[in-house]
file protein_13.txt (compact mmCIF, C-alpha atoms)
# COMPACT_ATOMS: atom_id res chain seq x y z
CA MET A 89 17.99 -56.83 42.45
CA ARG A 90 20.98 -55.50 40.56
CA ARG A 91 24.44 -56.86 41.14
CA VAL A 92 27.65 -54.88 41.65
CA LEU A 93 29.97 -54.20 38.76
CA PRO A 94 32.33 -57.23 38.77
CA PRO A 95 29.48 -59.65 37.85
CA LEU A 96 28.63 -57.17 35.08
CA ARG A 97 32.08 -57.78 33.63
CA ALA A 98 31.51 -61.52 33.97
CA LEU A 99 28.28 -61.06 32.08
CA LEU A 100 30.14 -59.48 29.18
CA ARG A 101 32.41 -62.52 29.10
CA GLY A 102 29.38 -64.77 28.79
CA GLY A 103 28.14 -64.86 32.38
CA ALA A 104 29.23 -66.73 35.46
CA ALA A 105 29.42 -70.50 35.30
CA GLY A 106 25.98 -72.07 35.24
CA ARG A 107 24.20 -68.72 35.14
CA PRO A 108 22.81 -67.18 31.95
CA PRO A 109 23.35 -63.48 31.23
CA ARG A 110 20.71 -61.28 32.84
CA LEU A 111 21.01 -58.22 30.61
CA PRO A 112 19.94 -59.22 27.09
CA ALA A 113 20.82 -57.33 23.92
CA LEU A 114 19.13 -57.89 20.62
CA SER A 115 22.36 -57.69 18.63
CA GLY A 116 24.76 -59.17 21.15
CA LEU A 117 26.51 -57.68 24.17
CA CYS A 118 29.20 -55.36 22.82
CA GLY A 119 30.91 -58.08 20.85
CA ALA A 120 29.39 -61.08 22.63
CA PRO A 121 27.65 -63.66 20.45
CA PRO A 122 24.44 -62.31 18.87
CA GLY A 123 21.04 -63.88 19.05
CA ILE A 124 20.26 -63.50 22.75
CA PRO A 125 16.48 -63.07 22.97
CA ALA A 126 14.95 -60.12 24.78
CA PRO A 127 11.99 -61.03 27.02
CA ALA A 128 8.94 -58.93 26.13
CA ALA A 129 7.65 -59.09 29.69
CA GLU A 130 10.16 -56.43 30.79
CA GLY A 131 8.55 -53.73 28.64
CA SER A 132 5.21 -52.06 29.13
CA GLY A 133 3.74 -54.06 26.24
CA GLY A 134 3.83 -57.35 28.12
CA SER A 135 1.77 -59.37 25.60
CA SER A 136 2.09 -60.89 22.16
CA THR A 137 -0.32 -58.32 20.68
CA LEU A 138 1.44 -55.81 18.44
CA ASN A 139 1.08 -52.18 19.52
CA VAL A 140 0.64 -49.42 16.96
CA LEU A 141 0.47 -46.53 19.45
CA PRO A 142 3.38 -45.93 21.82
CA SER A 143 3.10 -46.42 25.56
CA PHE A 144 6.79 -45.62 25.95
CA GLY A 145 9.26 -42.86 25.17
CA PHE A 146 12.99 -42.51 24.51
CA LEU A 147 15.46 -40.33 26.40
CA PHE A 148 18.61 -40.24 24.25
CA ASP A 149 21.98 -39.02 25.43
CA ILE A 150 23.95 -37.36 22.61
CA ASP A 151 27.73 -37.51 23.13
CA GLY A 152 28.92 -41.11 22.92
CA VAL A 153 25.48 -42.34 21.77
CA LEU A 154 24.76 -40.34 18.61
CA VAL A 155 28.08 -38.55 18.04
CA ARG A 156 31.71 -38.57 19.14
CA GLY A 157 32.71 -34.93 19.18
CA LYS A 158 31.44 -33.71 15.80
CA THR A 159 31.58 -37.12 14.15
CA PRO A 160 28.25 -38.98 13.86
CA ILE A 161 28.18 -42.58 15.10
CA PRO A 162 27.10 -44.64 12.04
CA ALA A 163 24.37 -46.54 13.89
CA ALA A 164 22.58 -43.31 14.83
CA LYS A 165 21.22 -42.46 11.39
CA THR A 166 19.98 -46.02 10.90
CA ALA A 167 18.26 -45.96 14.28
CA PHE A 168 16.41 -42.72 13.63
CA GLN A 169 15.09 -43.84 10.28
CA LYS A 170 13.15 -46.40 12.31
CA LEU A 171 11.76 -43.73 14.63
CA VAL A 172 10.04 -41.52 12.02
CA ASN A 173 7.33 -42.10 9.44
CA SER A 174 7.43 -41.16 5.75
CA GLN A 175 6.42 -37.58 6.63
CA GLY A 176 9.33 -37.22 9.07
CA GLN A 177 7.07 -37.37 12.14
CA PHE A 178 8.32 -39.27 15.16
CA LEU A 179 6.49 -42.54 15.82
CA VAL A 180 7.24 -42.37 19.55
CA PRO A 181 7.97 -39.44 21.87
CA VAL A 182 11.70 -38.67 21.88
CA VAL A 183 13.71 -36.26 24.04
CA PHE A 184 17.43 -35.68 23.68
CA VAL A 185 18.79 -35.31 27.21
CA THR A 186 22.31 -33.97 27.14
CA ASN A 187 24.53 -32.66 29.89
CA ALA A 188 25.99 -30.16 27.43
CA GLY A 189 25.16 -26.55 28.22
CA ASN A 190 27.21 -24.41 25.86
CA CYS A 191 24.50 -23.49 23.34
CA LEU A 192 20.82 -22.73 22.92
CA ARG A 193 18.30 -25.53 22.40
CA GLN A 194 17.55 -24.44 18.85
CA LYS A 195 21.18 -24.69 17.81
CA LYS A 196 21.43 -28.19 19.27
CA ALA A 197 18.18 -29.17 17.51
CA ASP A 198 19.57 -27.90 14.19
CA GLN A 199 22.78 -29.88 14.71
CA LEU A 200 20.83 -33.06 15.48
CA SER A 201 18.57 -32.59 12.46
CA HIS A 202 21.62 -32.35 10.23
CA LEU A 203 23.44 -35.31 11.83
CA LEU A 204 20.47 -37.67 12.03
CA GLY A 205 18.64 -36.75 8.84
CA VAL A 206 15.32 -36.26 10.67
CA PRO A 207 13.58 -33.04 11.78
CA VAL A 208 14.29 -32.30 15.45
CA SER A 209 12.58 -29.38 17.24
CA GLN A 210 13.97 -27.44 20.17
CA ASP A 211 11.11 -28.77 22.28
CA GLN A 212 12.71 -32.22 21.98
CA VAL A 213 16.05 -30.98 23.31
CA MET A 214 16.86 -30.82 27.00
CA MET A 215 20.14 -29.18 27.91
CA SER A 216 21.63 -29.59 31.38
CA HIS A 217 20.52 -26.05 32.20
CA SER A 218 16.91 -26.39 30.97
CA PRO A 219 15.40 -26.81 34.49
CA LEU A 220 16.74 -23.36 35.41
CA ARG A 221 13.60 -21.97 33.74
CA MET A 222 11.80 -23.02 36.91
CA PHE A 223 14.09 -21.12 39.30
CA LYS A 224 12.22 -17.87 38.95
CA ARG A 225 13.34 -16.56 42.30
CA TYR A 226 16.76 -15.87 40.77
CA HIS A 227 15.62 -14.49 37.43
CA GLU A 228 15.48 -10.87 38.60
CA LYS A 229 18.75 -11.05 40.54
CA CYS A 230 22.27 -10.26 39.41
CA VAL A 231 23.94 -13.64 38.81
CA LEU A 232 27.49 -14.54 37.79
CA VAL A 233 27.52 -17.10 34.96
CA SER A 234 30.42 -19.44 34.21
CA GLY A 235 30.99 -21.64 31.17
CA GLN A 236 31.57 -21.07 27.47
CA GLY A 237 29.54 -20.31 24.38
CA PRO A 238 26.87 -17.57 24.20
CA LEU A 239 26.42 -17.39 27.96
CA LEU A 240 24.39 -14.19 28.04
CA ASP A 241 22.01 -15.48 25.36
CA ILE A 242 21.59 -18.78 27.20
CA ALA A 243 20.99 -17.07 30.56
CA GLN A 244 18.49 -14.61 29.10
CA ASP A 245 16.67 -17.37 27.23
CA LEU A 246 16.25 -19.17 30.56
CA GLY A 247 14.76 -16.05 32.14
CA PHE A 248 17.73 -14.38 33.88
CA CYS A 249 17.52 -10.59 33.55
CA GLN A 250 20.88 -9.52 35.04
CA PRO A 251 23.56 -12.08 34.14
CA ILE A 252 27.23 -11.11 34.39
CA THR A 253 29.96 -13.16 32.74
CA ILE A 254 33.34 -13.97 34.24
CA GLU A 255 34.95 -11.90 31.47
CA THR A 256 32.85 -8.85 32.38
CA LEU A 257 33.76 -9.26 36.05
CA ARG A 258 37.43 -9.53 35.12
CA GLU A 259 37.25 -6.36 33.02
CA LYS A 260 35.58 -4.42 35.84
CA HIS A 261 38.04 -5.74 38.47
CA PRO A 262 41.34 -6.16 36.56
CA LEU A 263 43.44 -6.84 39.67
CA LEU A 264 41.65 -10.09 40.46
CA ASP A 265 42.95 -12.26 37.60
CA VAL A 266 46.75 -12.43 37.78
CA VAL A 267 47.73 -16.07 37.18
CA ASP A 268 48.56 -15.39 33.52
CA HIS A 269 51.32 -12.75 33.62
CA GLU A 270 50.51 -11.70 30.06
CA ARG A 271 46.98 -10.70 31.10
CA ARG A 272 47.92 -8.65 34.12
CA PRO A 273 47.04 -4.94 33.93
CA ASN A 274 49.81 -2.63 32.70
CA ILE A 275 49.17 0.05 35.30
CA PRO A 276 49.73 -0.71 39.01
CA TYR A 277 46.31 0.26 40.33
CA PRO A 278 43.67 0.35 37.59
CA PRO A 279 40.32 1.68 38.81
CA ALA A 280 37.64 -0.89 39.59
CA VAL A 281 34.12 -0.33 38.29
CA GLU A 282 31.31 -0.80 40.74
CA LEU A 283 28.92 -3.63 39.88
CA PRO A 284 25.63 -4.64 41.48
CA LYS A 285 25.92 -7.15 44.28
CA ILE A 286 26.19 -10.64 42.81
CA GLU A 287 23.48 -12.70 44.50
CA ALA A 288 24.07 -16.14 42.97
CA VAL A 289 26.55 -18.08 40.85
CA VAL A 290 25.34 -20.22 37.94
CA LEU A 291 27.76 -22.85 36.59
CA PHE A 292 26.62 -23.74 33.07
CA GLY A 293 29.59 -25.88 32.05
CA GLU A 294 33.35 -26.14 31.88
CA PRO A 295 35.02 -22.81 31.04
CA VAL A 296 38.04 -22.23 28.81
CA ARG A 297 40.31 -20.46 31.31
CA TRP A 298 39.87 -22.54 34.42
CA GLU A 299 42.30 -20.52 36.57
CA THR A 300 40.38 -17.29 35.88
CA ASN A 301 36.97 -18.79 36.59
CA LEU A 302 38.12 -20.57 39.74
CA GLN A 303 39.75 -17.42 41.11
CA LEU A 304 36.82 -15.10 40.43
CA ILE A 305 34.14 -17.52 41.63
CA ILE A 306 36.05 -17.99 44.89
CA ASP A 307 36.35 -14.20 45.16
CA VAL A 308 32.58 -13.82 44.79
CA LEU A 309 31.80 -16.59 47.31
CA LEU A 310 34.20 -15.29 49.96
CA THR A 311 33.03 -11.68 49.69
CA SER A 312 29.27 -12.34 49.67
CA GLY A 313 28.96 -11.03 46.13
CA TYR A 314 31.34 -8.05 46.30
CA PRO A 315 34.51 -9.48 44.72
CA GLY A 316 36.54 -6.27 45.08
CA ASN A 317 36.28 -6.49 48.88
CA PRO A 318 38.49 -8.45 51.31
CA TYR A 319 37.61 -12.06 52.10
CA HIS A 320 35.31 -12.73 55.05
CA HIS A 321 35.45 -16.41 56.00
CA GLU A 322 32.63 -15.98 58.47
CA ASN A 323 30.20 -15.43 55.58
CA TYR A 324 28.88 -18.98 55.60
CA PRO A 325 26.83 -20.36 54.09
CA HIS A 326 27.93 -18.50 51.00
CA ILE A 327 25.66 -17.05 48.30
CA PRO A 328 23.72 -19.66 46.30
CA VAL A 329 25.49 -21.77 43.68
CA LEU A 330 23.42 -23.49 40.96
CA ALA A 331 25.38 -26.03 38.94
CA CYS A 332 24.55 -27.80 35.67
CA ASN A 333 26.28 -30.89 34.26
CA MET A 334 28.18 -32.99 36.78
CA ASP A 335 29.95 -35.22 34.22
CA LEU A 336 33.48 -35.90 35.38
CA MET A 337 34.42 -36.94 31.85
CA TRP A 338 32.90 -37.09 28.38
CA VAL A 339 33.88 -38.73 25.12
CA ALA A 340 34.96 -36.96 21.92
CA GLU A 341 37.19 -38.07 19.04
CA ALA A 342 40.12 -38.93 21.34
CA GLN A 343 40.65 -42.55 22.35
CA SER A 344 40.14 -41.76 26.04
CA PRO A 345 37.48 -39.64 27.80
CA ARG A 346 38.12 -35.90 28.29
CA PHE A 347 37.60 -33.68 31.34
CA GLY A 348 34.03 -32.53 31.83
CA HIS A 349 32.38 -29.88 33.98
CA GLY A 350 32.37 -32.30 36.90
CA THR A 351 36.16 -32.09 36.94
CA PHE A 352 35.97 -28.29 37.12
CA MET A 353 33.51 -28.63 40.02
CA VAL A 354 35.92 -30.96 41.84
CA CYS A 355 38.58 -28.24 41.56
CA LEU A 356 36.22 -25.53 42.81
CA GLU A 357 34.97 -27.63 45.74
CA ASN A 358 38.47 -28.54 46.88
CA ILE A 359 39.86 -25.02 46.57
CA TYR A 360 36.94 -23.65 48.58
CA LYS A 361 37.38 -26.27 51.28
CA LYS A 362 41.15 -25.82 51.41
CA ILE A 363 40.74 -22.07 51.94
CA THR A 364 37.78 -22.09 54.35
CA GLY A 365 37.77 -25.56 55.91
CA LYS A 366 34.08 -25.84 54.94
CA ASP A 367 32.20 -27.65 52.19
CA LEU A 368 31.00 -25.76 49.16
CA LYS A 369 27.20 -25.97 49.11
CA TYR A 370 24.98 -26.18 46.07
CA GLU A 371 21.55 -24.62 45.98
CA ALA A 372 20.75 -26.90 43.04
CA LEU A 373 22.46 -29.61 41.04
CA MET A 374 20.94 -30.37 37.66
CA GLY A 375 21.75 -32.37 34.59
CA LYS A 376 22.03 -36.14 34.69
CA PRO A 377 21.90 -37.99 37.07
CA SER A 378 19.71 -35.60 39.11
CA LYS A 379 16.08 -36.58 39.61
CA LEU A 380 14.91 -33.09 38.64
CA THR A 381 16.39 -33.57 35.17
CA TYR A 382 14.39 -36.74 34.56
CA GLN A 383 11.22 -35.16 35.92
CA TYR A 384 11.63 -32.32 33.44
CA ALA A 385 12.43 -34.79 30.63
CA GLU A 386 9.28 -36.77 31.37
CA TYR A 387 7.30 -33.53 31.28
CA LEU A 388 8.64 -32.96 27.72
CA ILE A 389 7.75 -36.56 26.76
CA ARG A 390 4.17 -36.06 27.98
CA ALA A 391 3.93 -32.76 26.11
CA GLN A 392 4.92 -34.49 22.85
CA ALA A 393 2.40 -37.27 23.37
CA ALA A 394 -0.34 -34.71 24.06
CA GLU A 395 0.56 -32.69 20.96
CA ARG A 396 0.31 -35.81 18.80
CA GLN A 397 -2.96 -36.73 20.56
CA TRP A 398 -1.70 -40.15 21.56
CA LYS A 399 -4.31 -41.24 24.08
CA GLN A 400 -2.35 -44.15 25.55
CA PRO A 401 -0.42 -43.03 28.65
CA ILE A 402 3.37 -43.18 28.50
CA GLN A 403 4.21 -45.84 31.06
CA THR A 404 7.87 -46.63 30.38
CA LEU A 405 10.83 -44.38 29.64
CA TYR A 406 13.94 -45.88 28.01
CA ALA A 407 17.05 -43.86 28.80
CA VAL A 408 19.80 -44.67 26.29
CA GLY A 409 23.29 -43.56 27.30
CA ASP A 410 26.99 -44.42 27.38
CA ASN A 411 27.97 -43.44 30.92
CA LEU A 412 27.36 -45.63 33.98
CA MET A 413 27.77 -42.76 36.41
CA THR A 414 25.36 -40.34 34.73
CA ASP A 415 23.03 -42.03 32.23
CA VAL A 416 22.59 -45.35 34.00
CA TYR A 417 22.76 -43.97 37.54
CA GLY A 418 20.24 -41.25 36.72
CA ALA A 419 17.78 -43.54 34.93
CA ASN A 420 17.91 -46.13 37.70
CA LEU A 421 17.55 -43.45 40.35
CA TYR A 422 14.47 -42.07 38.59
CA ASN A 423 13.09 -45.59 38.19
CA ARG A 424 13.42 -46.05 41.94
CA TYR A 425 11.56 -42.79 42.48
CA LEU A 426 8.76 -43.81 40.08
CA GLU A 427 8.35 -47.23 41.65
CA GLU A 428 8.26 -45.80 45.16
CA ASN A 429 5.57 -43.35 44.11
CA SER A 430 3.66 -46.09 42.34
CA ARG A 431 3.66 -48.14 45.53
CA LYS A 432 2.38 -45.16 47.49
CA GLY A 433 -0.41 -44.75 44.98
CA SER A 434 0.16 -41.03 44.43
CA LYS A 435 2.86 -38.69 43.24
CA SER A 436 4.71 -36.94 46.01
CA ARG A 437 5.64 -33.29 45.92
CA ILE A 438 9.02 -32.53 44.37
CA GLN A 439 11.72 -32.96 46.98
CA ALA A 440 14.69 -30.87 45.98
CA LYS A 441 17.51 -32.87 47.47
CA VAL A 442 20.38 -34.61 45.82
CA ALA A 443 19.53 -38.29 46.22
CA GLY A 444 21.59 -39.84 48.95
CA GLY A 445 23.42 -36.56 49.43
CA ARG A 446 25.40 -35.56 52.44
CA GLY A 447 24.58 -32.67 54.71
CA SER A 448 26.59 -30.28 52.56
CA ALA A 449 24.35 -31.00 49.59
CA THR A 450 20.98 -30.05 51.02
CA LEU A 451 19.09 -27.99 48.48
CA SER A 452 16.16 -25.62 48.68
CA GLN A 453 14.52 -26.09 45.30
CA ASP A 454 11.16 -26.67 47.01
CA ASP A 455 10.72 -22.94 47.45
CA GLU A 456 12.31 -22.02 44.14
CA ILE A 457 10.13 -23.88 41.67
CA ASP A 458 7.10 -22.02 40.41
CA ASN A 459 3.87 -23.68 41.46
CA SER A 460 2.58 -24.22 37.93
CA TRP A 461 5.78 -25.98 36.90
CA GLU A 462 5.77 -28.01 40.09
CA ASN A 463 2.24 -29.20 39.44
CA GLU A 464 3.19 -30.24 35.90
CA LEU A 465 6.31 -32.10 36.97
CA ALA A 466 4.66 -33.75 39.95
CA SER A 467 1.96 -35.28 37.76
CA ALA A 468 4.37 -37.87 36.34
CA ALA A 469 2.53 -40.72 34.66
CA ALA A 470 5.41 -43.10 33.92
CA VAL A 471 5.74 -46.27 35.94
CA HIS A 472 9.27 -47.30 34.91
CA CYS A 473 12.47 -45.75 33.62
CA ARG A 474 14.73 -48.40 32.06
CA SER A 475 18.45 -47.86 31.54
CA VAL A 476 20.00 -48.97 28.24
CA LEU A 477 23.80 -48.78 28.02
CA VAL A 478 25.60 -48.52 24.67
CA CYS A 479 29.25 -49.35 24.04
CA THR A 480 30.10 -46.49 21.68
CA GLY A 481 31.16 -43.89 24.24
CA VAL A 482 32.51 -43.60 27.78
CA TYR A 483 31.56 -47.13 28.80
CA ASN A 484 34.22 -49.74 28.05
CA PRO A 485 33.11 -53.35 28.64
CA HIS A 486 36.73 -54.45 28.94
CA THR A 487 37.71 -52.09 31.77
CA GLU A 488 38.80 -54.05 34.82
CA VAL A 489 37.43 -53.31 38.28
CA PRO A 490 38.70 -54.66 41.62
CA LEU A 491 37.78 -58.30 42.18
CA ASP A 492 37.37 -57.50 45.87
CA THR A 493 34.50 -55.01 45.98
CA ARG A 494 35.36 -54.21 49.59
CA GLU A 495 38.63 -52.71 48.37
CA SER A 496 37.62 -49.05 48.32
CA ILE A 497 35.11 -49.51 45.52
CA THR A 498 33.71 -46.02 46.03
CA GLU A 499 37.05 -44.38 45.37
CA THR A 500 38.10 -46.81 42.65
CA VAL A 501 34.96 -46.97 40.56
CA PHE A 502 32.54 -44.16 41.40
CA HIS A 503 33.00 -41.13 39.15
CA GLY A 504 29.78 -39.47 40.22
CA HIS A 505 29.51 -36.13 41.96
CA ARG A 506 30.58 -35.64 45.57
CA ASP A 507 26.99 -35.25 46.74
CA PHE A 508 25.74 -38.53 45.28
CA ARG A 509 26.56 -41.63 47.28
CA PHE A 510 27.82 -44.73 45.53
CA ASP A 511 25.11 -47.36 45.21
CA PRO A 512 26.13 -50.44 43.19
CA GLY A 513 22.50 -51.11 42.29
CA LEU A 514 22.23 -47.75 40.54
CA VAL A 515 25.17 -48.22 38.18
CA GLU A 516 24.10 -51.55 36.71
CA PRO A 517 22.07 -51.12 33.52
CA ASP A 518 18.88 -52.95 32.68
CA HIS A 519 20.21 -53.66 29.18
CA ILE A 520 23.57 -53.47 27.40
CA VAL A 521 23.68 -53.15 23.61
CA PRO A 522 26.43 -52.41 21.08
CA ASP A 523 24.95 -49.14 19.80
CA VAL A 524 21.87 -46.95 19.55
CA ASN A 525 20.45 -48.86 16.57
CA ALA A 526 20.47 -52.05 18.63
CA ALA A 527 18.85 -50.11 21.48
CA VAL A 528 15.93 -49.06 19.28
CA ASP A 529 15.48 -52.62 17.99
CA LEU A 530 15.55 -53.96 21.54
CA VAL A 531 12.95 -51.52 22.81
CA PHE A 532 10.63 -52.12 19.87
CA GLN A 533 10.84 -55.84 20.64
CA LEU A 534 10.28 -55.36 24.37
CA GLU A 535 7.25 -53.20 23.64
CA ASN A 536 5.85 -55.35 20.81
CA PHE A 537 5.80 -52.10 18.86
CA ALA A 538 4.86 -52.20 15.19
CA PRO A 539 3.77 -48.73 14.00
CA ASP A 540 1.53 -48.34 10.96
call {"tool": "encode", "arguments": {"input": "protein_13.txt", "output": "C-alpha cells"}}
result
Amino acid sequence: MRRVLPPLRALLRGGAAGRPPRLPALSGLCGAPPGIPAPAAEGSGGSSTLNVLPSFGFLFDIDGVLVRGKTPIPAAKTAFQKLVNSQGQFLVPVVFVTNAGNCLRQKKADQLSHLLGVPVSQDQVMMSHSPLRMFKRYHEKCVLVSGQGPLLDIAQDLGFCQPITIETLREKHPLLDVVDHERRPNIPYPPAVELPKIEAVVLFGEPVRWETNLQLIIDVLLTSGYPGNPYHHENYPHIPVLACNMDLMWVAEAQSPRFGHGTFMVCLENIYKKITGKDLKYEALMGKPSKLTYQYAEYLIRAQAAERQWKQPIQTLYAVGDNLMTDVYGANLYNRYLEENSRKGSKSRIQAKVAGGRGSATLSQDDEIDNSWENELASAAAVHCRSVLVCTGVYNPHTEVPLDTRESITETVFHGHRDFRFDPGLVEPDHIVPDVNAAVDLVFQLENFAPD
C-alpha cells in the first residue's frame, strides 16, 4: 500500500524514525547515501538465476529523463550503451513514451538516435497523439487541429483526411481574431470564405498564439462547427474534442518547469465554462497518464519482442519518468488495471473512460476504436507496470508539501488534469533513483538480467 507524499519526503531524508526506506535505489536516493540494496523479488525475475532473455520492457519518458530542452542529460548515453549489443540491437524491448506532439515519430527517432548514440526506429517512439490512429471514425471528417509544428503532416500521418489548422481558419474568417491589433484586417468587412462544417477539434499540443487558438476553438464549439455564425449556447454537448498531452508543466533548460499543454487546456476549460456555465467535455484524453496510452505502449513493446523472436512473455513494464503527476500516476494507474485484470483471470474490453473521472469526462472511445486494434490492445500480457522516478527533471525531492494532508492536498499538490481525481497511492513511485543510468542498473538487478 503506497503512502501519501509527506512520508515520501521523509524517505528522501533517510526515512521516518525506526523505519527503513521503502523505495530503494541502486545508486542512492537523489543524493541520499548510496549502497541501498534493491530486492530482486520485486521484479519478474524473482530468483537468483541470471536471465539472458528479457521478460520485461522499458517505457522511457524523454524530457527530464533523457534531455532537458535540447541538452542531453549525461547519464542517458551511459544508460543506453547498456541497453544495446555490439551490433546496436536493443537487448530488451524499449519504447519512448513522450507527451510531446509537435513532430512526426521519425523526426523524434532521428533526434533520439543522435542524442543517445544508438539506433532508434520510429516504431519505438510513441507520441502523445499516436493513439489517434485508432480513432478511424474521425479520419474522414473535417477536423480543426491546434498545436505547433507540421500539424497537417502529423494529422495526415495519423489518418486524418480533412484537417484544418487554426491559421487556415483565421485566414478564411479574418474578423474572428482581433486580440492583437496589429493582426486585425485593414478593411472593415473582409469577405469570409465558406469552409466545410468542422466536426471535431483535435488538440495536439500547446500553440504559439494562445489568444488566437482559444478564441477560434471557442468559436467553433459555440457554433457547432460553423465559426462564422452567431453563438448558440443551447448547442450542448458541443462537437467532439480529442486532446493529447495533459502535462501542466514540463522541464527545459530553465531552472523551473515551463507551461505545458495542460495549462492551455485549463485556460480553454475555464473560458468555456465562464461563457456557458457548463463543463467542456472531452471525447478522448490521451498521452500520459491515460490508460489508453499505456495500452498502446504495451502493444508496441509486444511487437518488438515478437520481431526479435523473444519467446519469453513480457511480464513487467518499467516506466521511467520525472513527473509524479504524469509518469508515476500513469504507470501506477496502468499497474492497477493490469493487476485487476490478472485477478479476474482475463483481459477486459477497453473501457474508454478517464480513470476516476467526473461526469463531464465521460468518453466514448469504445465505439471509436477499430476492432482489430481493440483486439490487439486488449490482449495485454504484462502483469505489472512499475514506476521509476528520476530526479533530473520536474520532480524535486526537496519540494515541501503540507504536513497536514487534510489541508486541501488536492489543490496544493495535484497538478493532474481536471478529469483525473487525486489519489495519493497513484503518485508515489515504486522506486526513486538519481537518473536514468541508475534506473537501468536497478531494473537489471531486479530482473537478474545478464544478457549474452
call {"tool": "closest_residue", "arguments": {"input": "protein_13.txt", "among": "A:Asn301, A:Gln383, A:Thr414, A:Gln343", "to": "Val515 of chain A", "atoms": "all atoms listed in the file"}}
result
A:Thr414
call {"tool": "residues_around", "arguments": {"input": "protein_13.txt", "residues": "Ile363 of chain A", "least_positions_apart": "5", "cutoff": "12 Å", "atoms": "only C-alpha atoms", "output": "number ranges by chain"}}
result
A: 303, 306-307, 309-310, 319-321, 356-358, 368
call {"tool": "closest_residue", "arguments": {"input": "protein_13.txt", "among": "A:Asp523, A:Asp211, A:Asp241, A:Glu287", "to": "Arg225 of chain A", "atoms": "only C-alpha atoms"}}
result
A:Glu287
call {"tool": "residues_around", "arguments": {"input": "protein_13.txt", "residues": "segment 394-398 of chain A", "least_positions_apart": "4", "cutoff": "8 Å", "atoms": "all atoms listed in the file", "output": "MDAnalysis selection string"}}
result
chainID A and resid 141:142 390
call {"tool": "atom_distance", "arguments": {"input": "protein_13.txt", "atom1": "atom CA of Pro251 of chain A", "atom2": "atom CA of Leu239 of chain A"}}
result
8.6 Å
call {"tool": "residues_around", "arguments": {"input": "protein_13.txt", "residues": "Gly157 of chain A", "least_positions_apart": "5", "cutoff": "10 Å", "atoms": "only C-alpha atoms", "output": "ChimeraX atom specification"}}
result
/A:150-152,338-342
